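Working notes for the structure below.
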Amino acid sequence: MQRVTTKNGKNVEIREARVQDLDLLIEMYTTLSEKTLHFLRSNEFTPHEVREMYSRVNGEKVISIVAVNGEKIAGEARLIKYSKTSAEFGIIVHDLYQNRGIGQALLKKIIEVSKRKGVKRLIGFCTDENKVALHVYQKFGFKVEKVITNRYLPMGNGRVLRLSLRL
Ligand SMILES: CC(C)(COP(=O)(O)OP(=O)(O)OC[C@H]1O[C@@H](n2cnc3c(N)ncnc32)[C@H](O)[C@@H]1OP(=O)(O)O)[C@@H](O)C(=O)NCCC(=O)NCCS
């Protein structure tokens with residue numbers, strides 16, 4: 001467990017998710033704004049879906065890291081191992097907590113956990129209009145390795161960047 005102080009002075013705990021966090025995760029996912037959802041998908045998350053996503057978290061192949069502020073979950077990052085040495089991650093910070101350093105704290109933890117798990121190639125995706133995600137990922141050394149264009153993609157404007165980091 002790690003404690004970080006956000007840019008506006010709030011104490012946030014960065015740690016692996018626990019079963020007891022499920023209701024708070026549901027609250028976080030089901031109250032995301034349209035603006036945030038736009039970067040992720042076309043429709044809202046349902047409680048059932050969040051439960052199902054969480055049921056895949058096993059601490060080995062699928063790892064969930066949460067940012068906890070008091071009684072709320074401010075953000076979640078998930079690491080999904082594809083193989084012994086490669087993994088994909090995703091990060092979501094709730095609207096009420098964005099732009100305070102939490103996304104970067106979660107990414108730092110994801111990189112730490114990835115190294116510990118023997119990951120050598122870490123992959124992330126974001127739409128090309130997602131300037132904040134792109135800034136954060138590049139700040140940590142990620143390089144754009146592919147532009148995927150498909151107008152049927154459920155997020156953003158149909159242009160998604162695949163970024164990777166060698167660990
Ligand atoms: C992308 C996301 C995870 C970042 O988390 P966050 O907690 O808001 O980010 P942080 O506060 O840690 O960092 C934001 C950085 O972006 C910078 N930034 C803010 N607005 C920006 C803009 N319009 N263009 C470029 N950089 C910008 C900030 O200055 C800060 O960088 P700095 O510390 O170098 O100054 C979060 O905003 C989010 O969940 N967005 C919606 C979902 C999403 O896009 N997920 C990721 C893709 S799947």
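Going by the structure tokens order, chains are called A, B, ..., each with residues numbered from 1, while ligands are numbered from 1 in the order shown.
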
Spatial neighbours of range 45-53 of chain A, 8 Å, only C-alpha atoms, chain gap at least 2 places, as a PDB file with C-alpha atoms, in the first residue's frame:
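To be explicit, this is the file written out as around08.pdb:
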ATOM      1  CA  LEU A  22     -16.795  -3.859  -5.094  1.00  0.00           C
ATOM      2  CA  LEU A  25     -16.109   0.363  -7.670  1.00  0.00           C
ATOM      3  CA  ILE A  26     -19.689   0.027  -8.910  1.00  0.00           C
ATOM      4  CA  TYR A  29     -18.027   3.190 -12.727  1.00  0.00           C
ATOM      5  CA  THR A  30     -21.755   3.939 -12.831  1.00  0.00           C
ATOM      6  CA  ASN A  43     -22.469   3.305 -23.293  1.00  0.00           C
ATOM      7  CA  SER A  55     -14.817 -11.393 -10.968  1.00  0.00           C
ATOM      8  CA  ARG A  56     -11.898 -11.726 -13.404  1.00  0.00           C
ATOM      9  CA  VAL A  57      -9.463 -10.041 -10.999  1.00  0.00           C
TER      10      VAL A  57
END

Expected selection as a PyMOL selection string for ligand 1 within 6 Å, only C-alpha atoms and all ligand atoms: chain A and resi 36+39-40+90-93+98-104+125-126+131-133+135-136

Next, write the just-selected residues to a file, as a PDB file, in the first residue's frame, keeping N, CA and C atoms as the atom set.
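What landed in result_14.pdb:
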ATOM      1  N   THR A  36     -16.040  11.507 -19.873  1.00  0.00           N
ATOM      2  CA  THR A  36     -15.073  10.451 -19.554  1.00  0.00           C
ATOM      3  C   THR A  36     -15.393   9.175 -20.322  1.00  0.00           C
ATOM      4  N   PHE A  39     -14.114   8.633 -23.919  1.00  0.00           N
ATOM      5  CA  PHE A  39     -12.752   8.152 -24.176  1.00  0.00           C
ATOM      6  C   PHE A  39     -12.647   6.630 -24.035  1.00  0.00           C
ATOM      7  N   LEU A  40     -13.711   6.011 -23.544  1.00  0.00           N
ATOM      8  CA  LEU A  40     -13.632   4.601 -23.212  1.00  0.00           C
ATOM      9  C   LEU A  40     -14.554   3.701 -24.028  1.00  0.00           C
ATOM     10  N   GLY A  90      -5.097  -0.416 -18.283  1.00  0.00           N
ATOM     11  CA  GLY A  90      -6.077   0.642 -18.534  1.00  0.00           C
ATOM     12  C   GLY A  90      -6.234   1.431 -17.242  1.00  0.00           C
ATOM     13  N   ILE A  91      -6.555   2.717 -17.366  1.00  0.00           N
ATOM     14  CA  ILE A  91      -6.721   3.549 -16.163  1.00  0.00           C
ATOM     15  C   ILE A  91      -7.971   4.395 -16.316  1.00  0.00           C
ATOM     16  N   ILE A  92      -8.719   4.494 -15.238  1.00  0.00           N
ATOM     17  CA  ILE A  92      -9.848   5.423 -15.220  1.00  0.00           C
ATOM     18  C   ILE A  92      -9.825   6.172 -13.892  1.00  0.00           C
ATOM     19  N   VAL A  93      -9.847   7.492 -13.993  1.00  0.00           N
ATOM     20  CA  VAL A  93      -9.969   8.312 -12.783  1.00  0.00           C
ATOM     21  C   VAL A  93     -11.342   8.981 -12.866  1.00  0.00           C
ATOM     22  N   GLN A  98     -10.140  13.951 -11.387  1.00  0.00           N
ATOM     23  CA  GLN A  98      -9.164  14.044 -12.486  1.00  0.00           C
ATOM     24  C   GLN A  98      -8.258  15.271 -12.354  1.00  0.00           C
ATOM     25  N   ASN A  99      -7.092  15.152 -12.957  1.00  0.00           N
ATOM     26  CA  ASN A  99      -6.125  16.256 -13.041  1.00  0.00           C
ATOM     27  C   ASN A  99      -5.524  16.662 -11.695  1.00  0.00           C
ATOM     28  N   ARG A 100      -5.397  15.687 -10.787  1.00  0.00           N
ATOM     29  CA  ARG A 100      -4.787  15.976  -9.477  1.00  0.00           C
ATOM     30  C   ARG A 100      -3.588  15.067  -9.213  1.00  0.00           C
ATOM     31  N   GLY A 101      -3.193  14.308 -10.216  1.00  0.00           N
ATOM     32  CA  GLY A 101      -2.015  13.451 -10.047  1.00  0.00           C
ATOM     33  C   GLY A 101      -2.348  11.988  -9.768  1.00  0.00           C
ATOM     34  N   ILE A 102      -3.648  11.658  -9.688  1.00  0.00           N
ATOM     35  CA  ILE A 102      -4.025  10.279  -9.325  1.00  0.00           C
ATOM     36  C   ILE A 102      -3.736   9.302 -10.477  1.00  0.00           C
ATOM     37  N   GLY A 103      -4.014   9.730 -11.706  1.00  0.00           N
ATOM     38  CA  GLY A 103      -3.738   8.868 -12.859  1.00  0.00           C
ATOM     39  C   GLY A 103      -2.256   8.504 -12.907  1.00  0.00           C
ATOM     40  N   GLN A 104      -1.411   9.483 -12.640  1.00  0.00           N
ATOM     41  CA  GLN A 104       0.039   9.214 -12.674  1.00  0.00           C
ATOM     42  C   GLN A 104       0.458   8.306 -11.520  1.00  0.00           C
ATOM     43  N   PHE A 125      -3.771   1.736 -24.474  1.00  0.00           N
ATOM     44  CA  PHE A 125      -4.501   2.302 -25.615  1.00  0.00           C
ATOM     45  C   PHE A 125      -5.152   3.613 -25.190  1.00  0.00           C
ATOM     46  N   CYS A 126      -5.224   4.555 -26.107  1.00  0.00           N
ATOM     47  CA  CYS A 126      -6.080   5.723 -25.883  1.00  0.00           C
ATOM     48  C   CYS A 126      -6.450   6.308 -27.236  1.00  0.00           C
ATOM     49  N   LYS A 131      -5.892  13.911 -25.061  1.00  0.00           N
ATOM     50  CA  LYS A 131      -4.617  14.590 -24.842  1.00  0.00           C
ATOM     51  C   LYS A 131      -4.036  14.333 -23.451  1.00  0.00           C
ATOM     52  N   VAL A 132      -4.906  14.191 -22.450  1.00  0.00           N
ATOM     53  CA  VAL A 132      -4.406  13.990 -21.084  1.00  0.00           C
ATOM     54  C   VAL A 132      -3.756  12.604 -20.964  1.00  0.00           C
ATOM     55  N   ALA A 133      -4.465  11.574 -21.437  1.00  0.00           N
ATOM     56  CA  ALA A 133      -3.897  10.219 -21.361  1.00  0.00           C
ATOM     57  C   ALA A 133      -2.590  10.150 -22.146  1.00  0.00           C
ATOM     58  N   HIS A 135      -0.510  12.560 -22.845  1.00  0.00           N
ATOM     59  CA  HIS A 135       0.532  13.289 -22.121  1.00  0.00           C
ATOM     60  C   HIS A 135       1.101  12.412 -20.991  1.00  0.00           C
ATOM     61  N   VAL A 136       0.193  11.818 -20.216  1.00  0.00           N
ATOM     62  CA  VAL A 136       0.630  11.014 -19.070  1.00  0.00           C
ATOM     63  C   VAL A 136       1.431   9.797 -19.543  1.00  0.00           C
TER      64      VAL A 136
END

Contact residues around range 119-124 of chain A with only C-alpha atoms at 9 Å, ignoring same-chain residues under 5 positions, as a list in words: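 Contacts, with the query itself left out: Lys81, Ser83, Lys84, Thr85, Ser86, Ala87, Glu88, Phe89, Gly90, Ile111, Val113, Ser114, Tyr137, Phe142, Leu161, Arg162, Leu163, Ser164, Leu165, Arg166 and Leu167 of chain A.
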
Residue nearest Asn58 in chain A - candidates A:Ala17, A:Ala77, A:Leu24, A:Leu37, atoms counted: only C-alpha atoms: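 Comparing A:Ala17, A:Ala77, A:Leu24, A:Leu37 against Asn58 in chain A, the winner is A:Ala17.
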
Test item: residues at most 9 Å from Asp95 in chain A, only C-alpha atoms, excluding those fewer than 5 positions along its chain, as a list in words: Thr31, Leu32, Ser33, Lys35, Thr36 and Ala74 of chain A

Chain A: residues DSSP assigns to strand (DSSP E or B), reported as number ranges by chain: A: 2-5, 11-16, 62-69, 72-81, 86-93, 121-127, 143-149, 159-166

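Among the residues of range 72-153 of chain A, backbone DSSP assigns alpha helix (DSSP H) to Ile102, Gly103, Gln104, Ala105, Leu106, Leu107, Lys108, Lys109, Ile110, Ile111, Glu112, Val113, Ser114, Lys115, Arg116, Lys131, Val132, Ala133, Leu134, His135, Val136, Tyr137, Gln138 and Lys139 of chain A.
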
Interatomic distance, CA of Asp128 in chain A to CA of Gly158 in chain A (Å, one decimal): 8.8 Å

Among the residues A:Gly59, A:Val68, A:Lys143, A:Thr127, the one that comes closest to Gly156 in chain A [using only C-alpha atoms]: A:Thr127

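Remark: for Asn69 in chain A, the closest of the candidate residues A:Val12, A:Leu134, A:Ile110, A:Ala105 is A:Val12 (distances computed over only C-alpha atoms).
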
Distance in Å - CA of Ser64 in chain A versus CA of Ile14 in chain A: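 According to the coordinates, CA of Ser64 in chain A and CA of Ile14 in chain A are separated by 10.6 Å.
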
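Counting only C-alpha atoms, the residue from A:Tyr54, A:Asp23, A:Leu106, A:Glu71 that sits nearest to Met1 in chain A is A:Leu106.
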
Separation of CA of His38 in chain A from CA of Val160 in chain A in Å: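 If I compute the distance from CA of Val160 in chain A to CA of His38 in chain A, I get 12.4 Å.
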
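Using only C-alpha atoms for every distance, the candidate list A:Tyr82, A:Glu76, A:Lys109, A:Gly118 yields A:Glu76 as the residue closest to Arg18 in chain A.
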
Counting only C-alpha atoms, the residue of A:Met155, A:Thr149, A:Ala67, A:Asn11 that sits nearest Glu34 in chain A: A:Met155
